[in-house]
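Undergrad: File final_18.txt below, compact mmCIF, C-alpha atoms and all ligand atoms:
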```
# COMPACT_ATOMS: atom_id res chain seq x y z
CA MET A 24 7.06 -6.94 -108.30
CA GLU A 25 7.12 -4.73 -105.19
CA LYS A 26 9.29 -5.82 -102.26
CA ASN A 27 7.67 -8.03 -99.66
CA TRP A 28 8.12 -6.09 -96.41
CA SER A 29 5.98 -8.47 -94.33
CA GLU A 30 8.77 -10.88 -93.45
CA LEU A 31 10.69 -7.96 -91.89
CA SER A 32 7.80 -6.75 -89.76
CA LYS A 33 8.82 -7.93 -86.25
CA ASP A 34 12.06 -5.98 -85.90
CA PHE A 35 11.77 -3.63 -88.88
CA ASP A 36 12.61 -0.51 -86.81
CA GLU A 37 15.73 -2.16 -85.34
CA ARG A 38 16.94 -3.16 -88.81
CA GLN A 39 16.29 0.35 -90.07
CA LYS A 40 18.31 1.80 -87.17
CA TYR A 41 21.16 -0.57 -87.99
CA VAL A 42 21.16 0.51 -91.66
CA ALA A 43 20.61 4.26 -91.33
CA GLY A 44 22.27 4.66 -87.93
CA GLU A 45 20.81 5.68 -84.61
CA GLU A 46 21.97 9.30 -84.96
CA VAL A 47 19.78 10.15 -87.98
CA VAL A 48 16.81 8.19 -86.60
CA ASN A 49 17.03 10.16 -83.34
CA LEU A 50 17.20 13.43 -85.28
CA ILE A 51 14.05 12.44 -87.20
CA THR A 52 12.15 11.56 -84.03
CA ASP A 53 13.32 14.86 -82.45
CA LYS A 54 12.07 16.72 -85.52
CA ILE A 55 8.70 14.93 -85.37
CA GLN A 56 8.36 16.00 -81.75
CA THR A 57 8.76 19.68 -82.71
CA LEU A 58 5.66 19.47 -84.95
CA LYS A 59 2.55 21.13 -83.56
CA TYR A 60 -1.23 20.93 -84.03
CA LEU A 61 -1.28 17.92 -86.33
CA GLY A 62 -4.99 17.34 -85.66
CA GLU A 63 -6.56 14.32 -87.34
CA VAL A 64 -3.59 12.42 -88.82
CA LEU A 65 -3.34 9.68 -91.41
CA GLU A 66 -0.04 7.82 -91.54
CA LEU A 67 0.66 5.93 -94.78
CA GLY A 68 3.11 3.00 -94.85
CA CYS A 69 3.44 3.08 -91.04
CA GLY A 70 5.47 -0.15 -90.97
CA ASN A 71 5.54 -1.53 -87.44
CA GLY A 72 4.46 1.81 -85.93
CA PHE A 73 7.84 3.15 -84.86
CA TYR A 74 7.26 6.80 -85.89
CA THR A 75 3.57 6.70 -84.90
CA GLN A 76 4.59 6.73 -81.22
CA PHE A 77 6.29 10.12 -81.67
CA LEU A 78 3.63 11.64 -83.95
CA ILE A 79 0.83 10.99 -81.47
CA LYS A 80 2.30 13.59 -79.06
CA SER A 81 0.93 16.44 -81.24
CA ALA A 82 -2.02 14.71 -82.90
CA SER A 83 -5.61 14.45 -81.69
CA HIS A 84 -5.97 11.08 -83.43
CA ILE A 85 -3.89 8.94 -85.79
CA THR A 86 -5.07 6.39 -88.30
CA ALA A 87 -1.87 4.43 -88.96
CA THR A 88 -2.01 2.35 -92.13
CA ASP A 89 0.15 -0.05 -94.11
CA ILE A 90 -0.43 -2.42 -97.02
CA SER A 91 1.27 -5.30 -95.19
CA LYS A 92 -0.94 -7.36 -92.87
CA ASP A 93 2.12 -8.47 -90.87
CA MET A 94 3.36 -4.89 -90.37
CA VAL A 95 -0.15 -3.91 -89.22
CA THR A 96 -0.23 -6.85 -86.77
CA VAL A 97 3.07 -5.78 -85.18
CA ALA A 98 1.99 -2.09 -85.15
CA LEU A 99 -1.27 -3.07 -83.42
CA GLU A 100 0.72 -4.77 -80.64
CA LYS A 101 3.19 -1.88 -80.29
CA LEU A 102 0.46 0.78 -80.21
CA ALA A 103 -2.16 -1.13 -78.20
CA ASP A 104 -1.98 1.23 -75.20
CA TYR A 105 -2.83 4.36 -77.18
CA LYS A 106 -6.58 5.00 -77.18
CA ASN A 107 -6.32 7.61 -79.95
CA ILE A 108 -4.49 5.47 -82.50
CA LYS A 109 -6.31 3.20 -84.94
CA VAL A 110 -4.29 0.80 -87.12
CA GLU A 111 -5.62 -0.43 -90.47
CA ILE A 112 -4.54 -2.18 -93.65
CA LYS A 113 -4.67 0.30 -96.52
CA ASP A 114 -3.04 0.70 -99.90
CA ALA A 115 -1.62 4.22 -100.13
CA TYR A 116 -2.52 4.33 -103.83
CA LYS A 117 -6.22 3.88 -103.10
CA THR A 118 -7.11 4.42 -99.45
CA GLU A 119 -10.89 4.59 -99.89
CA TYR A 120 -11.18 7.36 -97.26
CA GLU A 121 -13.60 10.19 -98.03
CA SER A 122 -12.20 13.28 -99.72
CA CYS A 123 -11.01 16.09 -97.38
CA SER A 124 -10.85 13.84 -94.27
CA PHE A 125 -7.46 14.57 -92.65
CA ASP A 126 -5.58 17.60 -91.29
CA THR A 127 -2.19 15.94 -91.74
CA ILE A 128 -0.81 13.03 -93.72
CA PHE A 129 2.55 11.64 -92.63
CA MET A 130 4.70 9.14 -94.48
CA ALA A 131 8.16 7.93 -93.50
CA ASN A 132 10.32 6.00 -95.94
CA LEU A 133 7.39 5.18 -98.19
CA ILE A 134 7.86 7.58 -101.10
CA HIS A 135 11.30 6.17 -101.92
CA VAL A 136 10.02 2.58 -102.16
CA VAL A 137 6.75 2.87 -104.13
CA GLU A 138 6.62 2.42 -107.89
CA HIS A 139 4.16 5.25 -108.56
CA PRO A 140 4.77 8.08 -106.07
CA ASP A 141 2.70 10.49 -108.19
CA ILE A 142 -0.43 8.31 -107.86
CA MET A 143 0.10 8.08 -104.10
CA LEU A 144 0.53 11.86 -103.82
CA GLN A 145 -2.66 12.50 -105.82
CA GLU A 146 -4.52 10.20 -103.43
CA ALA A 147 -2.99 12.01 -100.43
CA LYS A 148 -4.13 15.33 -101.89
CA ARG A 149 -7.66 14.05 -102.39
CA ILE A 150 -8.10 12.94 -98.76
CA LEU A 151 -6.37 15.96 -97.14
CA LYS A 152 -8.59 18.80 -95.95
CA PRO A 153 -8.11 22.18 -97.66
CA GLN A 154 -4.79 23.62 -96.38
CA GLY A 155 -4.03 20.19 -94.88
CA ARG A 156 -0.34 19.32 -94.51
CA LEU A 157 1.65 16.48 -96.02
CA ILE A 158 4.78 15.61 -94.03
CA ILE A 159 7.38 13.36 -95.64
CA SER A 160 10.48 11.87 -94.08
CA THR A 161 12.60 9.79 -96.44
CA PHE A 162 16.11 8.35 -96.22
CA THR A 163 18.42 9.38 -99.03
CA THR A 164 22.02 8.98 -100.17
CA TYR A 165 21.92 12.63 -101.33
CA GLY A 166 24.61 14.62 -99.55
CA MET A 167 26.42 11.52 -98.22
CA ASP A 168 30.12 10.72 -98.77
CA GLU A 169 30.67 7.94 -101.31
CA GLU A 170 32.42 5.78 -98.73
CA GLU A 171 29.49 6.15 -96.32
CA VAL A 172 27.07 5.21 -99.13
CA GLU A 173 29.02 2.01 -99.81
CA LYS A 174 29.04 1.08 -96.12
CA MET A 175 25.32 1.77 -95.89
CA ILE A 176 24.55 -0.37 -98.94
CA GLU A 177 26.42 -3.25 -97.28
CA ARG A 178 24.38 -2.83 -94.10
CA TYR A 179 21.16 -2.59 -96.16
CA LEU A 180 21.86 -5.87 -98.00
CA LYS A 181 22.61 -7.61 -94.69
CA ALA A 182 19.46 -6.31 -93.00
CA PHE A 183 16.91 -6.21 -95.82
CA GLY A 184 18.27 -8.18 -98.79
CA GLN A 185 17.81 -6.76 -102.29
CA PRO A 186 16.17 -3.32 -102.41
CA PRO A 187 12.82 -2.93 -104.22
CA LYS A 188 13.21 -2.41 -107.99
CA SER A 189 11.24 0.82 -107.63
CA GLY A 190 13.59 2.06 -104.85
CA LYS A 191 15.08 5.50 -105.43
CA SER A 192 17.03 8.18 -103.63
CA TYR A 193 15.57 11.69 -103.82
CA THR A 194 17.48 14.94 -103.69
CA LEU A 195 15.86 17.89 -101.94
CA ASP A 196 15.14 19.43 -105.34
CA SER A 197 13.75 16.28 -106.98
CA LEU A 198 11.33 15.68 -104.12
CA LYS A 199 10.26 19.33 -104.03
CA GLU A 200 9.69 19.19 -107.79
CA LEU A 201 7.60 16.01 -107.52
CA LEU A 202 5.47 17.55 -104.77
CA GLY A 203 5.06 20.74 -106.78
CA SER A 204 3.98 18.78 -109.86
CA CYS A 205 1.28 17.12 -107.73
CA GLY A 206 -0.01 20.48 -106.51
CA PHE A 207 1.63 20.70 -103.05
CA LYS A 208 3.17 23.95 -101.79
CA ILE A 209 6.46 23.51 -99.95
CA GLN A 210 6.53 25.04 -96.45
CA GLU A 211 9.79 23.58 -95.10
CA ALA A 212 12.45 21.35 -96.66
CA GLU A 213 15.46 20.09 -94.77
CA LEU A 214 18.26 17.54 -95.08
CA ILE A 215 18.74 15.89 -91.69
CA GLY A 216 21.75 13.90 -90.48
CA ASP A 217 25.52 13.85 -90.53
CA LYS A 218 26.99 10.64 -92.00
CA THR A 219 23.62 9.29 -93.13
CA LYS A 220 20.77 11.49 -94.31
CA SER A 221 17.04 11.89 -94.44
CA ILE A 222 14.95 14.47 -96.27
CA PHE A 223 12.19 16.03 -94.18
CA ILE A 224 9.60 18.07 -96.06
CA ILE A 225 6.43 19.79 -94.91
CA SER A 226 4.06 20.85 -97.68
CA ALA A 227 0.48 22.04 -97.89
CA LYS A 228 -2.43 21.15 -100.16
C1 LIG B 1 10.65 1.13 -95.82
S1 LIG B 1 9.20 0.67 -94.97
C2 LIG B 1 8.94 2.08 -93.88
C3 LIG B 1 8.10 1.76 -92.67
C4 LIG B 1 7.94 2.90 -91.65
N1 LIG B 1 7.24 4.03 -92.19
C5 LIG B 1 9.28 3.34 -91.11
O1 LIG B 1 9.88 4.28 -91.67
O2 LIG B 1 9.74 2.72 -90.13
C6 LIG B 1 7.99 0.87 -96.20
C7 LIG B 1 6.61 0.47 -95.72
O3 LIG B 1 5.66 0.85 -96.73
C8 LIG B 1 4.71 -0.18 -96.88
N2 LIG B 1 4.15 -0.05 -98.24
C9 LIG B 1 4.72 -0.34 -99.43
N3 LIG B 1 3.87 -0.08 -100.44
C10 LIG B 1 2.73 0.42 -99.87
C11 LIG B 1 1.49 0.87 -100.38
N4 LIG B 1 1.23 0.87 -101.69
N5 LIG B 1 0.56 1.31 -99.51
C12 LIG B 1 0.80 1.30 -98.17
N6 LIG B 1 1.96 0.87 -97.63
C13 LIG B 1 2.91 0.44 -98.46
C14 LIG B 1 5.49 -1.46 -96.63
O4 LIG B 1 4.64 -2.51 -96.27
C15 LIG B 1 6.43 -1.02 -95.51
O5 LIG B 1 5.86 -1.24 -94.23
```
Output the file's structure as structure tokens, nothing else.

TA:
Amino acid sequence: MEKNWSELSKDFDERQKYVAGEEVVNLITDKIQTLKYLGEVLELGCGNGFYTQFLIKSASHITATDISKDMVTVALEKLADYKNIKVEIKDAYKTEYESCSFDTIFMANLIHVVEHPDIMLQEAKRILKPQGRLIISTFTTYGMDEEEVEKMIERYLKAFGQPPKSGKSYTLDSLKELLGSCGFKIQEAELIGDKTKSIFIISAK
């Protein structure tokens, strides 16, 4: 069974900051704000809309989606003042959007929790326009000191309880390989953070 994220919806971003640390989260939001010309964006697994607020600075419009009704409810409240953000419930495996609809698809911390990342990536490829970009940010233990990993696991258990059974930690190479096997071409791949880490990858259809 997949983890129930709904009960964590209200303060999900605060819990995530506590687990991963403010430093890496700030580096991710800085990185997002360097992105340009995102055009028509679809965000998958948007959670309570934390990263959406930074993405919108370079997007013409964002459709922010999540499978959890409670996450979507909190995201709707958080993003209510933005006229060019729509928030919807969608399953990233089967979004039901028309093929070739979006210039950019963004997903933060979704690929490391889903059971079938390949199915989700195939769906992302279907709904991206030709040459559309897929941008993935995902926390990882790759490149972290063992002691820091142990401390982070303790914080995770306190904040989120047991991790999803399908949870995994990608390396830069394993994520690049997965994207390649689903037909994406890597444009940029970076490991962000000092004590705690996140992979940030930009790829194209
Ligand atoms: C670890 S949280 C990340 C939330 C947000 N992107 C962030 O980084 O703050 C994972 C999110 O993915 C959502 N999710 C899990 N499976 C999904 C699926 N199949 N389709 C869409 N969203 C999904 C969960 O409801 C949850 O909000």

Undergrad: Report as a list in words which protein, DNA and RNA residues come within 7 Å of ligand LIG 1 (chain B), using all atoms listed in the file.

TA: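 Here is the list of contacting residues: Trp28, Ser29, Phe35, Asp36, Gln39, Leu67, Gly68, Cys69, Gly70, Asn71, Gly72, Phe73, Tyr74, Thr88, Asp89, Ile90, Ser91, Met94, Lys113, Asp114, Ala115, Tyr116, Met130, Ala131, Asn132, Leu133, Val136 and Val137 of chain A.
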
Undergrad: Looking at A:Ile222, A:Ala87, A:Ala227, A:Leu65, which one is nearest to A:Thr164, with distances taken over all atoms listed in the file?

TA: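 Of A:Ile222, A:Ala87, A:Ala227, A:Leu65, the one nearest A:Thr164 is A:Ile222, counting all atoms listed in the file.
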
Undergrad: Using all atoms listed in the file, determine which residues lie at most 9 Å from A:Gly155, disregarding the query and same-chain residues fewer than 6 positions distant; provide the list as a list in words.

TA: Cys123, Phe125, Asp126, Thr127, Ile128, Lys148, Ser226, Ala227 and Lys228 of chain A

Undergrad: My list of candidates is A:Lys80, A:Arg38, A:Lys33, A:Lys54. Which is closest to A:Ile108 when distances are computed with all atoms listed in the file?

TA: A:Lys80

Undergrad: List every residue of stretch 74-189 of chain A that has an atom at most 7 Å from any atom of stretch 200-219 of chain A, giving for each one its closest atom pair and the distance in Å to one decimal, counting all atoms listed in the file, sorted by chain and then by ascending residue number, as a tab-separated table.

TA:
```
residue	atom	partner	partner_atom	distance
A:Asp141	CA	A:Cys205	CA	6.8
A:Leu144	CA	A:Cys205	CA	6.6
A:Gln145	CA	A:Cys205	CA	6.4
A:Met167	CA	A:Thr219	CA	6.2
A:Glu171	CA	A:Lys218	CA	6.7
```

Undergrad: With distances taken over all atoms listed in the file, which residue among A:Val42, A:Arg156, A:Thr75, A:Thr86 lies nearest A:Tyr120?

TA: A:Thr86

Undergrad: Would you please work out which residue, of A:Phe183, A:Ser83, A:Ile51, A:Ser32, is nearest to A:Glu100 when using all atoms listed in the file?

TA: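 Among A:Phe183, A:Ser83, A:Ile51, A:Ser32, it is A:Ser32 that comes nearest to A:Glu100.
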
Undergrad: Would you mind reading off the distance between atom CA of A:Glu170 and atom CA of A:Leu195, one decimal, in Å?

TA: 20.8 Å

Undergrad: Name the closest residue to A:Ile134 among the candidates A:Asn49, A:Ser160, A:Gln56, A:Asn107; distances are taken between atoms, counting all atoms listed in the file.

TA: A:Ser160
